[in-house]
Every structure is written in C-alpha cells, then in structure tokens.
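Undergrad: If it helps, the file is called entry-v6.txt and holds compact mmCIF, C-alpha atoms:
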```txt
# COMPACT_ATOMS: atom_id res chain seq x y z
CA MET A 820 -76.75 41.76 24.95
CA ASN A 821 -77.04 44.36 22.19
CA THR A 822 -73.77 45.98 23.29
CA MET A 823 -71.89 42.70 23.05
CA SER A 824 -73.38 42.06 19.63
CA SER A 825 -72.36 45.50 18.36
CA ASN A 826 -68.74 45.01 19.53
CA ARG A 827 -68.38 41.61 17.91
CA PRO A 828 -67.60 42.89 14.34
CA TYR A 829 -64.55 44.76 15.67
CA ARG A 830 -63.38 41.66 17.48
CA ASN A 831 -63.59 39.70 14.23
CA PHE A 832 -61.08 42.07 12.62
CA LEU A 833 -58.56 41.62 15.43
CA PRO A 834 -57.07 38.28 14.18
CA PHE A 835 -56.54 39.73 10.70
CA PHE A 836 -54.91 42.83 12.20
CA LEU A 837 -52.53 40.66 14.23
CA LEU A 838 -51.78 38.58 11.13
CA VAL A 839 -50.72 41.68 9.18
CA ILE A 840 -48.60 42.95 12.08
CA SER A 841 -46.83 39.56 12.35
CA ILE A 842 -45.97 39.53 8.64
CA VAL A 843 -44.74 43.14 8.70
CA LEU A 844 -42.48 42.38 11.67
CA THR A 845 -41.01 39.41 9.80
CA LEU A 846 -39.91 41.35 6.71
CA PRO A 847 -37.02 43.32 8.32
CA ASN A 848 -35.73 40.11 9.87
CA VAL A 849 -35.68 38.35 6.49
CA GLN A 850 -33.95 41.31 4.87
CA ALA A 851 -31.35 41.51 7.63
CA HIS A 852 -30.46 37.84 7.33
CA GLY A 853 -30.32 38.15 3.55
CA ALA A 854 -27.87 41.03 3.86
CA ALA A 855 -25.78 39.03 6.32
CA ASN A 856 -25.57 36.13 3.87
CA ASP A 857 -24.44 38.56 1.16
CA ASP A 858 -21.60 39.63 3.46
CA ILE A 859 -20.67 35.99 4.06
CA ASN A 860 -20.42 35.29 0.34
CA ASN A 861 -18.51 38.49 -0.44
CA CYS A 862 -14.96 37.39 -1.25
CA ASN A 863 -12.30 39.81 -2.42
CA SER A 864 -8.66 38.74 -2.31
CA ASP A 865 -7.37 42.10 -3.57
CA THR A 866 -8.30 44.17 -0.54
CA PHE A 867 -7.94 43.85 3.21
CA THR A 868 -10.86 42.87 5.39
CA GLU A 869 -10.88 44.47 8.84
CA ILE A 870 -12.27 43.06 12.08
CA ILE A 871 -12.30 44.48 15.60
CA LEU A 872 -10.51 42.11 17.96
CA ARG A 873 -11.15 44.15 21.12
CA GLU A 874 -13.50 47.10 20.71
CA SER A 875 -12.84 48.56 24.16
CA ASP A 876 -9.09 48.73 23.46
CA ASP A 877 -9.38 49.47 19.73
CA VAL A 878 -7.36 46.39 18.77
CA LYS A 879 -7.85 45.69 15.06
CA LEU A 880 -6.76 43.12 12.53
CA LYS A 881 -6.72 43.34 8.74
CA TYR A 882 -6.10 40.37 6.47
CA LYS A 883 -6.12 39.16 2.89
CA SER A 884 -4.95 36.04 1.07
CA ASP A 885 -4.07 34.64 -2.32
CA ASN A 886 -3.44 31.06 -3.41
CA THR A 887 -0.21 30.66 -1.45
CA THR A 888 0.13 33.41 1.17
CA LEU A 889 -1.70 35.11 4.00
CA THR A 890 -1.07 38.77 4.83
CA ILE A 891 -2.00 40.13 8.26
CA GLN A 892 -1.82 43.59 9.78
CA MET A 893 -2.59 43.95 13.50
CA SER A 894 -2.75 47.31 15.25
CA SER A 895 -3.50 48.69 18.72
CA PRO A 896 -2.97 51.86 20.79
CA PHE A 897 -0.40 50.09 23.00
CA ILE A 898 3.39 50.38 22.78
CA ALA A 899 4.09 46.70 23.36
CA TRP A 900 4.87 43.47 21.55
CA HIS A 901 2.14 42.07 19.32
CA SER A 902 1.55 38.44 18.41
CA VAL A 903 -0.62 36.50 15.96
CA GLY A 904 -0.66 32.72 16.23
CA PHE A 905 -2.21 29.70 14.56
CA ASN A 906 -3.83 26.90 16.54
CA ASP A 907 -7.11 25.09 15.85
CA MET A 908 -7.82 24.88 19.61
CA GLY A 909 -7.86 28.66 19.90
CA ARG A 910 -5.14 28.66 22.58
CA MET A 911 -1.71 30.22 22.53
CA PHE A 912 0.25 27.23 23.80
CA LEU A 913 1.35 24.59 21.28
CA SER A 914 0.91 27.11 18.50
CA ASP A 915 3.02 28.76 15.80
CA CYS A 916 3.18 32.50 16.38
CA ILE A 917 4.52 35.56 14.64
CA ILE A 918 5.71 38.10 17.20
CA GLY A 919 6.91 41.65 16.79
CA THR A 920 8.96 42.98 19.70
CA THR A 921 11.00 45.91 18.43
CA PRO A 922 10.74 48.04 15.28
CA ASP A 923 11.38 45.97 12.16
CA ASP A 924 11.91 42.80 14.24
CA VAL A 925 9.22 40.25 13.31
CA LYS A 926 9.94 36.53 13.65
CA LYS A 927 8.27 33.13 13.90
CA PHE A 928 8.12 31.41 17.29
CA ARG A 929 6.89 28.11 18.63
CA ILE A 930 5.03 28.29 21.95
CA GLY A 931 5.17 25.24 24.17
CA VAL A 932 3.09 24.35 27.21
CA GLY A 933 2.64 27.17 29.67
CA TYR A 934 2.38 30.93 29.57
CA THR A 935 5.95 31.81 30.57
CA ALA A 936 8.64 33.46 28.48
CA GLN A 937 10.61 30.18 28.60
CA ALA A 938 7.83 28.48 26.61
CA VAL A 939 8.33 30.91 23.71
CA VAL A 940 11.10 29.56 21.44
CA GLU A 941 12.29 31.30 18.30
CA MET A 942 12.22 29.03 15.24
CA ASP A 943 15.38 28.17 13.33
CA GLU A 944 16.61 30.58 10.69
CA SER A 945 15.69 28.05 7.99
CA GLN A 946 12.04 28.30 9.11
CA GLN A 947 11.91 32.11 9.05
CA SER A 948 9.98 32.32 5.78
CA LEU A 949 8.02 35.51 6.49
CA THR A 950 8.01 38.30 3.92
CA SER A 951 6.86 41.94 3.89
CA THR A 952 7.39 42.18 7.64
CA SER A 953 7.28 45.39 9.66
CA PHE A 954 6.74 46.41 13.26
CA THR A 955 6.23 50.12 13.77
CA GLN A 956 5.47 52.14 16.89
CA GLU A 957 4.54 55.73 16.17
CA ASN A 958 2.22 58.29 17.73
CA GLY A 959 1.13 55.88 20.45
CA GLU A 960 0.15 53.12 18.01
CA THR A 961 1.78 49.78 17.25
CA VAL A 962 1.32 48.05 13.89
CA LEU A 963 2.49 44.48 13.17
CA THR A 964 2.50 43.43 9.50
CA PHE A 965 3.64 40.19 7.85
CA THR A 966 2.99 37.78 5.01
CA LYS A 967 3.29 34.04 5.61
CA LEU A 968 2.97 30.94 3.47
CA LEU A 969 -0.23 28.92 3.75
CA GLN A 970 1.82 25.74 3.27
CA GLU A 971 5.06 26.18 5.21
CA GLY A 972 6.53 22.82 4.24
CA ASN A 973 8.42 22.50 7.54
CA GLU A 974 7.79 19.49 9.77
CA GLY A 975 5.73 20.36 12.82
CA GLU A 976 4.54 23.74 11.53
CA VAL A 977 0.87 24.54 11.13
CA SER A 978 -0.20 24.44 7.48
CA ILE A 979 -3.41 25.94 6.12
CA GLU A 980 -5.30 23.93 3.54
CA GLU A 981 -7.33 25.60 0.82
CA GLY A 982 -10.94 25.95 1.95
CA ASP A 983 -10.11 25.47 5.63
CA SER A 984 -11.07 27.82 8.43
CA VAL A 985 -8.13 29.54 10.10
CA THR A 986 -8.12 30.05 13.87
CA LEU A 987 -6.02 33.10 14.72
CA ILE A 988 -4.77 33.67 18.26
CA TRP A 989 -3.69 37.18 19.15
CA ALA A 990 -2.10 38.89 22.13
CA VAL A 991 -0.68 42.27 23.13
CA GLY A 992 2.01 42.56 25.80
CA TYR A 993 2.64 45.07 28.57
CA ASP A 994 5.70 46.42 26.76
CA ASN A 995 8.25 45.23 24.20
CA LYS A 996 9.81 42.64 26.53
CA LEU A 997 8.41 39.14 26.14
CA GLU A 998 9.44 38.01 29.62
CA PHE A 999 6.79 40.23 31.21
CA GLY A 1000 3.96 38.31 29.55
CA HIS A 1001 0.66 39.92 28.61
CA ASP A 1002 -2.64 41.06 30.04
CA ARG A 1003 -5.24 38.31 29.52
CA SER A 1004 -7.80 41.00 28.60
CA ARG A 1005 -5.56 41.86 25.65
CA SER A 1006 -5.70 38.44 24.06
CA GLY A 1007 -8.19 36.20 22.33
CA SER A 1008 -8.93 34.17 19.22
CA VAL A 1009 -11.03 34.47 16.09
CA LYS A 1010 -11.93 31.83 13.52
CA ILE A 1011 -11.85 33.09 9.95
CA PRO A 1012 -13.11 30.96 7.04
CA LEU A 1013 -11.19 30.85 3.81
CA CYS A 1014 -13.39 31.34 0.77
CA ALA A 1015 -12.45 30.75 -2.82
CA SER A 1016 -12.86 33.18 -5.69
CA ASP A 1017 -10.01 33.73 -8.13
CA GLY A 1018 -7.76 33.18 -5.15
CA LEU A 1019 -8.41 32.84 -1.45
CA SER A 1020 -9.80 35.48 0.86
CA PHE A 1021 -11.55 35.82 4.18
CA THR A 1022 -14.94 36.95 5.32
CA SER A 1023 -15.36 39.06 8.43
CA LEU A 1024 -17.98 36.80 10.00
CA ASP A 1025 -16.58 34.22 12.39
CA GLU A 1026 -17.21 30.74 10.94
CA GLN A 1027 -18.19 29.26 14.28
CA TYR A 1028 -21.20 31.63 14.41
CA LYS A 1029 -22.12 31.35 10.73
CA ASN A 1030 -24.30 28.24 11.08
CA PHE A 1031 -25.90 29.51 14.29
CA PHE A 1032 -26.77 32.74 12.50
CA LYS A 1033 -28.46 30.82 9.68
CA ILE A 1034 -30.45 28.69 12.13
CA HIS A 1035 -31.49 31.84 14.00
CA GLY A 1036 -32.78 33.37 10.77
CA ILE A 1037 -34.62 30.25 9.67
CA LEU A 1038 -36.33 29.87 13.04
CA ALA A 1039 -37.32 33.53 13.07
CA VAL A 1040 -38.95 33.24 9.65
CA VAL A 1041 -40.73 29.99 10.54
CA ILE A 1042 -42.04 31.34 13.87
CA PHE A 1043 -43.06 34.87 12.93
CA GLY A 1044 -43.71 34.35 9.24
CA ALA A 1045 -45.57 31.04 9.31
CA MET A 1046 -46.55 29.52 12.64
CA MET A 1047 -47.92 32.61 14.39
CA PRO A 1048 -49.86 33.82 11.34
CA LEU A 1049 -51.35 30.35 10.90
CA ALA A 1050 -52.38 30.30 14.55
CA ILE A 1051 -54.11 33.66 14.11
CA LEU A 1052 -55.68 32.54 10.84
CA ALA A 1053 -57.07 29.38 12.47
CA SER A 1054 -58.76 31.54 15.12
CA ALA A 1055 -60.20 33.83 12.45
CA LEU A 1056 -61.63 30.84 10.56
CA ARG A 1057 -63.18 29.19 13.59
CA LYS A 1058 -66.61 29.16 11.89
CA TYR A 1059 -65.24 26.85 9.20
CA LEU A 1060 -62.89 24.80 11.38
CA ASN A 1061 -65.43 23.76 13.97
CA GLN A 1062 -65.11 20.01 13.51
CA LYS A 1063 -64.76 18.14 16.80
CA ILE A 1064 -61.61 16.15 17.51
CA MET A 1065 -61.32 14.63 20.99
CA ASN A 1066 -63.99 17.05 22.30
CA LYS A 1067 -62.07 20.07 20.96
CA GLU A 1068 -62.76 22.05 17.85
CA LEU A 1069 -60.24 21.80 15.02
CA TRP A 1070 -59.46 25.56 14.97
CA TYR A 1071 -58.55 25.48 18.65
CA ILE A 1072 -56.21 22.50 18.19
CA ILE A 1073 -54.41 24.27 15.31
CA HIS A 1074 -54.38 27.61 17.12
CA SER A 1075 -53.03 26.30 20.42
CA GLY A 1076 -50.63 23.86 18.76
CA PHE A 1077 -48.90 26.54 16.70
CA ASN A 1078 -48.85 28.97 19.62
CA TYR A 1079 -47.30 26.49 22.06
CA THR A 1080 -44.74 25.38 19.47
CA SER A 1081 -43.90 29.00 18.68
CA ALA A 1082 -43.38 29.74 22.36
CA VAL A 1083 -40.90 26.88 22.67
CA LEU A 1084 -39.01 27.90 19.51
CA VAL A 1085 -38.83 31.53 20.66
CA VAL A 1086 -36.94 30.35 23.74
CA VAL A 1087 -34.51 28.49 21.45
CA LEU A 1088 -34.26 31.57 19.23
```
In structure tokens, what does this structure look like?

TA:
Amino acid sequence: MNTMSSNRPYRNFLPFFLLVISIVLTLPNVQAHGAANDDINNCNSDTFTEIILRESDDVKLKYKSDNTTLTIQMSSPFIAWHSVGFNDMGRMFLSDCIIGTTPDDVKKFRIGVGYTAQAVVEMDESQQSLTSTSFTQENGETVLTFTKLLQEGNEGEVSIEEGDSVTLIWAVGYDNKLEFGHDRSRSGSVKIPLCASDGLSFTSLDEQYKNFFKIHGILAVVIFGAMMPLAILASALRKYLNQKIMNKELWYIIHSGFNYTSAVLVVVL
C-alpha cells in the first residue's frame, strides 16, 4: 500500500507531461502550414515559376503571365516532340494544344476524340497567334517555349479568364514524329491557379490540392493542439470534475469524448 502511495505523485505529473508534448508536437505543424500558405500567396509575374511534371524523368515546366499572355517553357531529357494543352477536364482529347516537333517549329493544334495522329489537326494560319516560340534539341535535352494569348478571340478556342485556374495537359513523344504517339507515362495534367498582383501569375501549388491542404492543417491543429490536450487536462483535473452524469464522472466523459473524436479525425487526417 505504501509503495502505491509513493508512486502516485509521479503518476499525477504524467498528464501534464503529455499535455506539454502534445503542444510541442503541434508547433512545427502550424509553422509548416503557415509557410505553405505564404507560398500560395506569393505572386510574381516578372519571374518564372518552375514545377516538376515527372520527377523520375526530369520533365519540368516553367511559366509566367501578365494581363494578356501566358508564357510556358517545358523541358525534358528526351529528343522527341513536346506538347502543352488546355482542357478543364485534364484530358488531351478535345483540347487546344501547342506542339513542337522539329527545331523552331511550334504550332497550335486541335485534338479531337481519340489518341491517334489523325485526331491531331493543325489550326488555320489565322489562328496561329503564338509569339516568342522556340523548340530546341541540344545535348540530349528538348526545350519547348511559347507565349500565347489568354483570350484568343477565335471561336471554339479555349480562353482563360482572369482569376481562373488553368488546367495544363502535357505529353512527350517517342521521337519527333507525331504519328508514333507517346508513352502514357510521359504525360499528365496539372491545375495551376491564376493569382492577381500587378498582373497575373501562377503559384506552384496545384489548386485542386490547395483546399485539402488547408483542411489538413486545420484538423491537425484542432486535434493535436486542442482536443488531445483538453482530454489530458480533463484527466489531470479529475478531482475537480467528479460530478456524476449518467453514472459517469464528468472528467471521464470529457476525456473519453475528446479522445474518441480525435481518433476519428486522425483517420480523416
């Protein structure tokens, strides 16, 4: 009996120790999400923003925008045609694409239904409004560069409204001949939000994950910064929260309620 009594003071410090540990673990999470939000709000239309389209193949894309135009530079270590398209569905078919096939040959195409070369149709000369175009292949690297209008003004072409998110579709072929198609592992899509400063620019964080990222951060702060500490605190204050409610003491109801809720939210997190 005496041994149990002598150990009890150390047990009383355990809830407070766990409370401190929980708060300390929360701080890096809050700082990380704060830094991420700073990146989201960082708009600079004067410089390129770079994203990795396919890390394993080192396929990269740089972009910047002003009030009327969008400039894109796509690069990869493959000597093959490169394509960047625009389609809200994130699919290549029924999209407007800019394709580079041979050095200094960059044009606008319309892709119909299907993934065959016959579905890729070059737009009329009157619709070829690209500027600052280049397609270089040197030292085992291909670089596609172009500037396009946000508002093309041609019927049927995809136009980009100020403040909209832009879904870019990209692909890299086997070689410079379009008829041979492309490797599906060398294609994909990314959704880039337009943000307004003096002009328009992009952030590197995909818009479709932006809200999920915020929810993840909020849940993490609520769980580890509030609910778990309160559960521990209720256990530590059991002497003062000993009122009976439905044959259970108040501290136990608070303690178990926050713990069970936290467990559920952790699964969602």

Undergrad: From the list A:Gly1076, A:Gly904, A:Gly1007, A:Pro922, which residue is nearest Arg873 of chain A when using only C-alpha atoms?

TA: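 Once distances to Arg873 of chain A are computed over only C-alpha atoms, the minimum belongs to A:Gly1007.
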
Undergrad: Considering only C-alpha atoms, return as number ranges by chain whatever protein or nucleic-acid residues lie within 9 Å of Leu1038 of chain A, sequence-local ones (same chain, fewer than 4 positions apart) excluded.

TA: A: 1033-1034, 1042-1043, 1084-1085, 1087-1088

Undergrad: Measuring atom to atom with all atoms listed in the file, identify which of A:Asp885, A:Asp943, A:Glu869, A:Asp877 is nearest to Leu968 of chain A.

TA: A:Asp885

Undergrad: Hey, can you check how far atom CA of Thr950 of chain A sits from atom CA of Ser984 of chain A?

TA: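 So the two atoms, atom CA of Thr950 of chain A and atom CA of Ser984 of chain A, lie 22.2 Å apart.
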
Undergrad: One number please: atom CA of Ile898 of chain A to atom CA of Asp876 of chain A, in Å, one decimal.

TA: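 It comes out at 12.6 Å.
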
Undergrad: Taking into account only C-alpha atoms, which residue in the set A:Gln937, A:Asn995, A:Ser953, A:Thr964 is nearest to Trp900 of chain A?

TA: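 Answer, going by the shortest atom-to-atom distance: A:Asn995.
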
Undergrad: What separation in Å, quoted to one decimal, exists between atom CA of Asp923 of chain A and atom CA of Val1009 of chain A?

TA: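 Computing it gives 25.5 Å between the two atoms.
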
Undergrad: Hey, which of A:Asn1078, A:Thr966, A:Gln1062, A:Ser1054 ends up closest to Thr887 of chain A? Count all atoms listed in the file.

TA: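 Nearest to Thr887 of chain A: A:Thr966.
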
Undergrad: Ranking A:Ala1039, A:Val878, A:Leu949, A:Ala1045 by minimum distance to Ser894 of chain A and counting all atoms listed in the file, which one comes first?

TA: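 Nearest to Ser894 of chain A: A:Val878.
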
Undergrad: Go through A:Thr890, A:Thr1080, A:Thr920, A:Thr952 one by one, measure the shortest atom-to-atom distance of each to Ala1050 of chain A using all atoms listed in the file, and give the residue with the smallest value.

TA: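 For Ala1050 of chain A, the nearest of the given residues is A:Thr1080.
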